file query.csv (CSV, C-alpha atoms and all ligand atoms)
chain,number,residue,atom,x,y,z
A,1,MET,CA,0.0,0.0,0.0
A,2,SER,CA,1.1,3.5,-0.7
A,3,GLU,CA,2.8,5.5,2.1
A,4,TYR,CA,0.7,8.5,1.2
A,5,ILE,CA,-2.3,9.6,3.3
A,6,LEU,CA,-3.7,11.6,0.4
A,7,GLU,CA,-2.8,11.1,-3.2
A,8,ALA,CA,-3.9,11.9,-6.8
A,9,VAL,CA,-3.5,8.9,-9.0
A,10,ASP,CA,-3.2,9.5,-12.7
A,11,VAL,CA,-5.4,12.5,-12.4
A,12,SER,CA,-6.4,14.5,-15.5
A,13,LYS,CA,-8.8,17.4,-15.6
A,14,SER,CA,-10.2,19.4,-18.5
A,15,PHE,CA,-12.5,22.4,-18.3
A,16,HIS,CA,-15.1,23.1,-21.1
A,17,GLY,CA,-15.6,26.7,-21.8
A,18,ARG,CA,-18.9,28.3,-23.0
A,19,ARG,CA,-17.7,28.6,-26.6
A,20,GLY,CA,-16.9,24.9,-26.8
A,21,GLU,CA,-13.1,25.4,-26.1
A,22,THR,CA,-11.4,22.9,-23.8
A,23,THR,CA,-8.6,23.7,-21.3
A,24,GLN,CA,-6.5,20.7,-20.3
A,25,ALA,CA,-5.6,21.8,-16.8
A,26,LEU,CA,-4.0,18.5,-15.6
A,27,THR,CA,-2.7,15.4,-17.4
A,28,GLY,CA,-1.8,12.1,-15.8
A,29,VAL,CA,-0.8,13.6,-12.4
A,30,ASP,CA,0.6,11.3,-9.7
A,31,PHE,CA,1.1,13.2,-6.5
A,32,GLY,CA,0.8,12.5,-2.8
A,33,VAL,CA,1.7,13.5,0.7
A,34,ALA,CA,2.8,11.3,3.6
A,35,ALA,CA,2.3,11.9,7.4
A,36,GLY,CA,4.6,14.5,8.8
A,37,GLU,CA,6.1,15.6,5.5
A,38,MET,CA,5.9,18.9,3.7
A,39,VAL,CA,5.7,18.6,-0.1
A,40,GLY,CA,6.0,21.6,-2.3
A,41,LEU,CA,4.0,22.2,-5.4
A,42,VAL,CA,5.6,24.7,-7.7
A,43,GLY,CA,5.0,26.0,-11.2
A,44,GLU,CA,4.2,29.2,-13.0
A,45,SER,CA,0.7,30.7,-13.0
A,46,GLY,CA,-1.8,28.5,-14.9
A,47,SER,CA,0.3,25.4,-14.5
A,48,GLY,CA,-2.5,23.6,-12.6
A,49,LYS,CA,-1.5,23.9,-8.9
A,50,THR,CA,-4.9,25.2,-7.8
A,51,THR,CA,-6.8,22.7,-9.8
A,52,LEU,CA,-4.7,19.8,-8.3
A,53,THR,CA,-5.3,21.0,-4.8
A,54,ARG,CA,-9.0,21.6,-5.4
A,55,ILE,CA,-9.2,18.0,-6.6
A,56,LEU,CA,-7.3,16.7,-3.6
A,57,LEU,CA,-9.6,18.7,-1.3
A,58,GLY,CA,-12.7,17.2,-3.0
A,59,ILE,CA,-13.9,20.6,-4.2
A,60,GLU,CA,-13.4,19.6,-7.9
A,61,GLN,CA,-13.8,16.2,-9.5
A,62,PRO,CA,-11.1,14.8,-11.8
A,63,THR,CA,-12.1,14.1,-15.4
A,64,SER,CA,-10.2,10.8,-15.1
A,65,GLY,CA,-8.0,9.2,-12.5
A,66,THR,CA,-8.7,9.2,-8.8
A,67,VAL,CA,-8.0,10.6,-5.4
A,68,ARG,CA,-7.1,8.1,-2.7
A,69,PHE,CA,-7.4,8.8,1.0
A,70,ARG,CA,-5.6,6.4,3.3
A,71,GLY,CA,-5.4,4.0,0.3
A,72,THR,CA,-9.1,4.0,-0.5
A,73,PRO,CA,-10.2,5.6,-3.8
A,74,ARG,CA,-12.9,8.2,-3.5
A,75,ASP,CA,-15.4,6.2,-5.6
A,76,ARG,CA,-15.2,3.5,-3.0
A,77,PHE,CA,-15.8,5.7,0.0
A,78,THR,CA,-18.4,4.7,2.5
A,79,ALA,CA,-20.2,7.3,4.5
A,80,GLU,CA,-17.6,6.8,7.3
A,81,HIS,CA,-14.7,7.3,4.8
A,82,ARG,CA,-16.3,10.4,3.5
A,83,ARG,CA,-16.6,11.9,7.0
A,84,ASP,CA,-13.1,10.9,7.9
A,85,TYR,CA,-11.8,12.5,4.7
A,86,PHE,CA,-13.8,15.7,5.2
A,87,ASN,CA,-12.4,16.0,8.7
A,88,SER,CA,-8.9,15.0,8.0
A,89,VAL,CA,-8.1,17.2,5.0
A,90,SER,CA,-8.2,21.0,5.4
A,91,ALA,CA,-6.8,24.1,3.8
A,92,VAL,CA,-5.2,27.5,4.6
A,93,PHE,CA,-5.6,30.0,1.8
A,94,GLN,CA,-3.4,32.7,0.5
A,95,ASN,CA,-5.2,35.8,1.6
A,96,PRO,CA,-6.1,36.1,5.3
A,97,TYR,CA,-8.1,39.3,4.4
A,98,SER,CA,-10.6,37.5,2.2
A,99,SER,CA,-10.7,34.0,3.6
A,100,LEU,CA,-12.3,34.9,7.0
A,101,ASN,CA,-15.9,35.9,7.2
A,102,PRO,CA,-15.9,39.6,8.4
A,103,ARG,CA,-19.3,39.3,10.1
A,104,ARG,CA,-18.5,36.3,12.4
A,105,ARG,CA,-16.5,36.2,15.6
A,106,LEU,CA,-13.3,34.2,15.6
A,107,TRP,CA,-14.6,31.3,17.8
A,108,ASP,CA,-17.3,30.8,15.2
A,109,ILE,CA,-15.0,31.0,12.2
A,110,ILE,CA,-12.4,28.7,13.8
A,111,THR,CA,-14.9,26.0,14.7
A,112,GLU,CA,-17.2,26.2,11.6
A,113,ARG,CA,-16.5,22.6,10.7
A,114,ARG,CA,-17.6,21.4,14.1
A,115,SER,CA,-20.9,23.1,13.6
A,116,ILE,CA,-21.5,21.7,10.1
A,117,GLU,CA,-20.4,18.1,10.8
A,118,ARG,CA,-21.4,17.5,14.4
A,119,ARG,CA,-23.8,20.3,15.2
A,120,ALA,CA,-21.7,20.9,18.3
A,121,PRO,CA,-23.2,23.3,20.9
A,122,LYS,CA,-21.8,26.8,21.2
A,123,ALA,CA,-20.1,26.2,24.6
A,124,GLU,CA,-18.2,23.2,23.2
A,125,ARG,CA,-17.2,25.2,20.1
A,126,ARG,CA,-16.0,28.2,22.1
A,127,ALA,CA,-13.9,25.9,24.3
A,128,ARG,CA,-12.3,24.2,21.3
A,129,ALA,CA,-11.7,27.7,19.7
A,130,ILE,CA,-9.8,28.8,22.8
A,131,GLU,CA,-7.6,25.6,22.7
A,132,LEU,CA,-6.9,26.3,19.1
A,133,LEU,CA,-6.1,29.9,19.6
A,134,SER,CA,-3.5,28.9,22.2
A,135,LEU,CA,-2.0,26.4,19.7
A,136,VAL,CA,-1.4,29.3,17.3
A,137,SER,CA,-0.2,31.6,20.1
A,138,LEU,CA,-3.1,33.9,20.2
A,139,PRO,CA,-4.8,34.9,23.6
A,140,ALA,CA,-8.1,33.3,24.6
A,141,GLU,CA,-9.9,36.7,24.6
A,142,TYR,CA,-9.5,36.9,20.9
A,143,ALA,CA,-12.3,34.3,20.6
A,144,ASP,CA,-14.9,37.1,20.7
A,145,ARG,CA,-13.2,39.4,18.2
A,146,PHE,CA,-13.9,40.0,14.6
A,147,PRO,CA,-11.3,39.5,11.8
A,148,HIS,CA,-11.0,43.3,11.1
A,149,GLN,CA,-9.6,43.7,14.6
A,150,LEU,CA,-6.5,41.6,13.7
A,151,SER,CA,-3.3,42.1,11.8
A,152,GLY,CA,-2.6,40.1,8.7
A,153,GLY,CA,-0.3,37.7,10.6
A,154,GLN,CA,-2.9,37.2,13.3
A,155,ARG,CA,-5.5,36.5,10.7
A,156,GLN,CA,-3.3,33.9,9.2
A,157,ARG,CA,-2.9,32.3,12.6
A,158,VAL,CA,-6.7,32.2,12.9
A,159,ALA,CA,-6.9,30.6,9.4
A,160,ILE,CA,-4.4,28.0,10.6
A,161,ALA,CA,-6.4,27.4,13.8
A,162,ARG,CA,-9.5,26.8,11.7
A,163,GLY,CA,-7.5,24.4,9.6
A,164,LEU,CA,-6.6,22.5,12.7
A,165,CYS,CA,-10.1,22.3,14.2
A,166,GLU,CA,-10.8,18.6,13.4
A,167,ASP,CA,-7.2,17.4,14.0
A,168,PRO,CA,-6.4,17.0,10.3
A,169,ASP,CA,-3.8,14.6,8.9
A,170,VAL,CA,-3.3,16.8,5.8
A,171,ILE,CA,-3.4,20.6,5.3
A,172,VAL,CA,-3.2,22.2,1.9
A,173,LEU,CA,-1.3,25.5,2.3
A,174,ASP,CA,-2.0,27.7,-0.7
A,175,GLU,CA,0.8,30.2,-0.6
A,176,PRO,CA,-0.1,31.1,3.0
A,177,MET,CA,2.7,33.6,3.5
A,178,SER,CA,2.5,35.5,0.2
A,179,ALA,CA,0.3,38.3,1.5
A,180,LEU,CA,2.5,38.8,4.6
A,181,ASP,CA,5.6,40.8,5.1
A,182,VAL,CA,9.0,39.2,5.6
A,183,SER,CA,9.2,38.9,9.4
A,184,VAL,CA,5.6,37.9,9.8
A,185,SER,CA,5.9,35.3,7.1
A,186,ALA,CA,8.9,33.8,8.9
A,187,GLN,CA,6.9,33.6,12.1
A,188,ILE,CA,4.0,31.8,10.3
A,189,ALA,CA,6.5,29.4,8.7
A,190,ASN,CA,7.9,28.6,12.1
A,191,LEU,CA,4.4,28.1,13.5
A,192,LEU,CA,3.6,25.6,10.7
A,193,LEU,CA,6.8,23.7,11.4
A,194,ASP,CA,6.0,23.5,15.1
A,195,LEU,CA,2.5,22.3,14.5
A,196,GLN,CA,3.8,19.7,12.0
A,197,GLU,CA,6.3,18.4,14.6
A,198,LYS,CA,3.6,18.2,17.3
A,199,PHE,CA,0.9,16.6,15.2
A,200,SER,CA,2.7,14.9,12.4
A,201,ILE,CA,0.6,16.7,9.8
A,202,GLY,CA,1.3,16.2,6.1
A,203,TYR,CA,1.4,19.6,4.3
A,204,ILE,CA,1.0,20.3,0.6
A,205,PHE,CA,2.6,23.7,0.2
A,206,VAL,CA,1.7,25.6,-3.0
A,207,ALA,CA,4.4,28.1,-3.6
A,208,HIS,CA,5.9,30.5,-6.0
A,209,ASP,CA,8.8,31.3,-3.7
A,210,MET,CA,11.6,28.7,-4.2
A,211,HIS,CA,13.4,29.9,-1.2
A,212,MET,CA,10.5,28.9,1.0
A,213,VAL,CA,10.3,25.5,-0.7
A,214,ARG,CA,14.0,25.0,-0.2
A,215,HIS,CA,13.8,25.9,3.5
A,216,LEU,CA,10.6,24.2,4.4
A,217,CYS,CA,9.8,21.3,2.2
A,218,HIS,CA,11.1,17.7,2.2
A,219,ARG,CA,9.9,17.0,-1.3
A,220,VAL,CA,8.8,19.1,-4.3
A,221,ALA,CA,6.8,18.5,-7.4
A,222,VAL,CA,7.2,20.8,-10.4
A,223,LEU,CA,4.1,21.4,-12.6
A,224,LEU,CA,4.3,22.6,-16.1
A,225,LYS,CA,1.2,23.0,-18.3
A,226,GLY,CA,-0.7,20.5,-16.1
A,227,GLN,CA,2.0,17.8,-16.0
A,228,ILE,CA,4.5,17.0,-13.3
A,229,VAL,CA,7.8,17.3,-15.0
A,230,GLU,CA,10.0,16.5,-12.0
A,231,GLN,CA,9.4,15.4,-8.4
A,232,GLY,CA,11.6,14.2,-5.6
A,233,ALA,CA,13.6,15.3,-2.6
A,234,VAL,CA,14.1,19.1,-2.5
A,235,ALA,CA,17.9,18.8,-2.4
A,236,ASP,CA,17.8,16.7,-5.6
A,237,VAL,CA,15.2,18.5,-7.6
A,238,LEU,CA,16.3,22.1,-6.7
A,239,GLY,CA,20.0,21.2,-6.2
A,240,ASN,CA,20.4,19.3,-9.4
A,241,PRO,CA,17.3,20.0,-11.6
A,242,ARG,CA,17.0,17.7,-14.6
A,243,HIS,CA,14.3,19.5,-16.4
A,244,GLU,CA,15.0,22.7,-18.3
A,245,TYR,CA,11.9,24.3,-16.7
A,246,THR,CA,13.0,23.5,-13.2
A,247,ARG,CA,16.4,25.0,-14.0
A,248,ARG,CA,14.7,28.2,-15.1
A,249,LEU,CA,12.6,28.4,-11.9
A,250,VAL,CA,15.7,27.9,-9.8
A,251,ALA,CA,17.7,30.4,-11.8
A,252,ALA,CA,14.9,33.0,-11.5
A,253,SER,CA,14.8,32.5,-7.7
A,254,GLU,CA,18.6,32.8,-7.5
A,255,LEU,CA,18.4,36.1,-9.3
A,256,ARG,CA,15.8,37.3,-6.8
A,257,SER,CA,18.1,36.3,-4.0
A,258,LEU,CA,20.6,38.9,-5.2
A,259,GLU,CA,18.0,41.6,-4.5
A,260,PRO,CA,18.4,43.7,-1.3
A,261,GLU,CA,18.1,41.7,1.9
A,262,GLU,CA,14.9,43.3,3.2
A,263,GLU,CA,13.0,42.1,0.1
A,264,ARG,CA,13.8,38.5,0.8
A,265,VAL,CA,12.0,36.0,2.9
A,266,HIS,CA,14.0,34.0,5.5
A,267,PRO,CA,11.9,31.4,7.3
B,301,LIG,N1,-13.1,26.6,-13.6
B,301,LIG,C1,-12.3,26.7,-14.6
B,301,LIG,N2,-12.8,26.9,-15.9
B,301,LIG,C2,-12.0,26.9,-17.0
B,301,LIG,N3,-10.7,26.9,-16.9
B,301,LIG,C3,-10.1,26.8,-15.7
B,301,LIG,C4,-10.9,26.7,-14.5
B,301,LIG,N4,-10.0,26.6,-13.4
B,301,LIG,C5,-8.8,26.6,-14.0
B,301,LIG,N5,-8.8,26.7,-15.3
B,301,LIG,C6,-7.7,26.7,-16.2
B,301,LIG,O1,-6.9,25.6,-15.9
B,301,LIG,C7,-5.5,25.9,-16.0
B,301,LIG,C8,-4.8,25.7,-14.7
B,301,LIG,O2,-5.3,26.7,-13.7
B,301,LIG,P1,-4.9,26.7,-12.2
B,301,LIG,O3,-5.6,27.8,-11.6
B,301,LIG,O4,-5.0,25.3,-11.6
B,301,LIG,O5,-3.3,27.1,-12.2
B,301,LIG,P2,-2.4,27.6,-11.1
B,301,LIG,O6,-1.0,27.0,-11.3
B,301,LIG,O7,-3.0,27.4,-9.8
B,301,LIG,O8,-2.2,29.2,-11.3
B,301,LIG,P3,-2.0,30.4,-10.3
B,301,LIG,O9,-0.6,30.2,-9.8
B,301,LIG,O10,-2.2,31.6,-11.1
B,301,LIG,O11,-3.1,30.3,-9.2
B,301,LIG,C9,-5.4,27.4,-16.5
B,301,LIG,O12,-5.3,27.4,-17.9
B,301,LIG,C10,-6.8,27.9,-16.1
B,301,LIG,O13,-7.2,29.0,-16.9

call {"tool": "encode", "arguments": {"input": "query.csv", "output": "structure tokens", "more": "lines below"}}
Ligand SMILES: Nc1ncnc2c1ncn2[C@@H]1O[C@H](COP(=O)(O)OP(=O)(O)OP(=O)(O)O)[C@@H](O)[C@H]1O
result
Amino acid sequence: MSEYILEAVDVSKSFHGRRGETTQALTGVDFGVAAGEMVGLVGESGSGKTTLTRILLGIEQPTSGTVRFRGTPRDRFTAEHRRDYFNSVSAVFQNPYSSLNPRRRLWDIITERRSIERRAPKAERRARAIELLSLVSLPAEYADRFPHQLSGGQRQRVAIARGLCEDPDVIVLDEPMSALDVSVSAQIANLLLDLQEKFSIGYIFVAHDMHMVRHLCHRVAVLLKGQIVEQGAVADVLGNPRHEYTRRLVAASELRSLEPEEERVHP
């Protein structure tokens, strides 16, 4: 059996436009994440990163191929599998300003899944929210605040707390640091690493920033026009890229590293 908790197996996805045109967003993608590992997903805009993560999250269905969770393909899920999958796979999105509902208090946002899935009473949800706030190093009294009362980094901590609510095995991190400034993004990176060590979470880290991938990820997959052209240990793929496209990505990030220090990100 595969070592992966969550994996895409030979996944292809095409979108059909209104005028009959077809976009082949993914072709024959094999990609997975194991417990406690961080695997980077890189590629230029439009290469299929979002489509792949949406398929892994169950938001989008593949045109062909399948998603397996703990070895079971989605089309063979029982109701129990489906519940387990729904609770065990979560996501933290790029923009903490748009991903949190501005009209709801933080305890409500953080424990939303608990309300949908288990219809948990308010007292239980508030207590869980306070535990989760502490895990992301925010004070308990934040439970009753609204998102607009928080800084960008604090909001991203709240988004992470929400992602942790049902003790997930896998979290999709969709460029979670890209809207934050350098020092805040380093703190968020450290928080993610601490949580991974504590709970052995598998992270899928969608990134544009190759420095982040180099510093944080164990493995990396490189997507080009919907196909994975290279994947493996970060040191091999980024240290000794075999594909011309990976070489270009690495070279572009090295050029950026020659920019002034304050513009760079150091996790
Ligand atoms: N709902 C959709 N309908 C039609 N085409 C789509 C849809 N979603 C994605 N696509 C197309 O599929 C391809 C892959 O897009 P995707 O958003 O997955 O790329 P990406 O690597 O995540 O890009 P970015 O880094 O800009 O977010 C693109 O050509 C995109 O235009």

call {"tool": "closest_residue", "arguments": {"input": "query.csv", "among": "A:Leu180, A:Val136, A:Leu100, A:Ala129", "to": "His148 in chain A", "atoms": "all atoms listed in the file"}}
result
A:Leu100

call {"tool": "closest_residue", "arguments": {"input": "query.csv", "among": "A:His81, A:Arg103, A:Arg68, A:His208", "to": "ligand LIG 301 (chain B)", "atoms": "all atoms listed in the file"}}
result
A:His208

call {"tool": "closest_residue", "arguments": {"input": "query.csv", "among": "A:Gln94, A:Gly226, A:Ala159, A:Val11", "to": "Ala179 in chain A", "atoms": "only C-alpha atoms"}}
result
A:Gln94

call {"tool": "residues_near_ligand", "arguments": {"input": "query.csv", "ligand": "ligand LIG 301 (chain B)", "cutoff": "9 Å", "atoms": "only C-alpha atoms and all ligand atoms", "output": "PDB file with C-alpha atoms, keeping the file's coordinate frame"}}
result
ATOM      1  CA  LYS A  13      -8.800  17.400 -15.600  1.00  0.00           C
ATOM      2  CA  SER A  14     -10.200  19.400 -18.500  1.00  0.00           C
ATOM      3  CA  PHE A  15     -12.500  22.400 -18.300  1.00  0.00           C
ATOM      4  CA  HIS A  16     -15.100  23.100 -21.100  1.00  0.00           C
ATOM      5  CA  GLY A  17     -15.600  26.700 -21.800  1.00  0.00           C
ATOM      6  CA  THR A  22     -11.400  22.900 -23.800  1.00  0.00           C
ATOM      7  CA  THR A  23      -8.600  23.700 -21.300  1.00  0.00           C
ATOM      8  CA  GLN A  24      -6.500  20.700 -20.300  1.00  0.00           C
ATOM      9  CA  ALA A  25      -5.600  21.800 -16.800  1.00  0.00           C
ATOM     10  CA  LEU A  26      -4.000  18.500 -15.600  1.00  0.00           C
ATOM     11  CA  VAL A  42       5.600  24.700  -7.700  1.00  0.00           C
ATOM     12  CA  GLY A  43       5.000  26.000 -11.200  1.00  0.00           C
ATOM     13  CA  GLU A  44       4.200  29.200 -13.000  1.00  0.00           C
ATOM     14  CA  SER A  45       0.700  30.700 -13.000  1.00  0.00           C
ATOM     15  CA  GLY A  46      -1.800  28.500 -14.900  1.00  0.00           C
ATOM     16  CA  SER A  47       0.300  25.400 -14.500  1.00  0.00           C
ATOM     17  CA  GLY A  48      -2.500  23.600 -12.600  1.00  0.00           C
ATOM     18  CA  LYS A  49      -1.500  23.900  -8.900  1.00  0.00           C
ATOM     19  CA  THR A  50      -4.900  25.200  -7.800  1.00  0.00           C
ATOM     20  CA  THR A  51      -6.800  22.700  -9.800  1.00  0.00           C
ATOM     21  CA  LEU A  52      -4.700  19.800  -8.300  1.00  0.00           C
ATOM     22  CA  THR A  53      -5.300  21.000  -4.800  1.00  0.00           C
ATOM     23  CA  ARG A  54      -9.000  21.600  -5.400  1.00  0.00           C
ATOM     24  CA  ASP A 174      -2.000  27.700  -0.700  1.00  0.00           C
ATOM     25  CA  VAL A 206       1.700  25.600  -3.000  1.00  0.00           C
ATOM     26  CA  ALA A 207       4.400  28.100  -3.600  1.00  0.00           C
ATOM     27  CA  HIS A 208       5.900  30.500  -6.000  1.00  0.00           C
ATOM     28  CA  LEU A 223       4.100  21.400 -12.600  1.00  0.00           C
ATOM     29  CA  LEU A 224       4.300  22.600 -16.100  1.00  0.00           C
ATOM     30  CA  LYS A 225       1.200  23.000 -18.300  1.00  0.00           C
ATOM     31  CA  GLY A 226      -0.700  20.500 -16.100  1.00  0.00           C
TER      32      GLY A 226
END

call {"tool": "atom_distance", "arguments": {"input": "query.csv", "atom1": "CA of Thr246 in chain A", "atom2": "CA of Leu191 in chain A"}}
result
28.4 Å

call {"tool": "closest_residue", "arguments": {"input": "query.csv", "among": "A:Ala140, A:Ile160, A:Val89, A:Ile228", "to": "Ile188 in chain A", "atoms": "all atoms listed in the file"}}
result
A:Ile160

call {"tool": "atom_distance", "arguments": {"input": "query.csv", "atom1": "CA of Leu173 in chain A", "atom2": "CA of Leu57 in chain A"}}
result
11.3 Å

call {"tool": "atom_distance", "arguments": {"input": "query.csv", "atom1": "CA of Arg219 in chain A", "atom2": "CA of Val234 in chain A"}}
result
4.8 Å

call {"tool": "residues_near_point", "arguments": {"input": "query.csv", "point": "(-3.1, 26.9, 14.7)", "cutoff": "12 Å", "atoms": "all atoms listed in the file", "output": "ChimeraX atom specification"}}
result
/A:91-92,110-111,128-138,153-168,171,188-196,198-199,201

call {"tool": "closest_residue", "arguments": {"input": "query.csv", "among": "A:Phe31, A:Phe146, A:Phe86, A:Tyr245", "to": "Ile59 in chain A", "atoms": "all atoms listed in the file"}}
result
A:Phe86

call {"tool": "residues_around", "arguments": {"input": "query.csv", "residues": "range 124-127 of chain A", "least_positions_apart": "3", "cutoff": "8 Å", "atoms": "only C-alpha atoms", "output": "MDAnalysis selection string"}}
result
chainID A and resid 107:108 111 114:115 120:121 130:131 143

call {"tool": "write_last_selection", "arguments": {"input": "query.csv", "atoms": "C-alpha atoms", "output": "tab-separated table (two decimals), in the frame of the given file"}}
result
chain	number	residue	atom	x	y	z
A	107	TRP	CA	-14.60	31.30	17.80
A	108	ASP	CA	-17.30	30.80	15.20
A	111	THR	CA	-14.90	26.00	14.70
A	114	ARG	CA	-17.60	21.40	14.10
A	115	SER	CA	-20.90	23.10	13.60
A	120	ALA	CA	-21.70	20.90	18.30
A	121	PRO	CA	-23.20	23.30	20.90
A	130	ILE	CA	-9.80	28.80	22.80
A	131	GLU	CA	-7.60	25.60	22.70
A	143	ALA	CA	-12.30	34.30	20.60

call {"tool": "closest_residue", "arguments": {"input": "query.csv", "among": "A:Gln149, A:Ser200, A:Pro73, A:Gln231", "to": "Arg104 in chain A", "atoms": "all atoms listed in the file"}}
result
A:Gln149
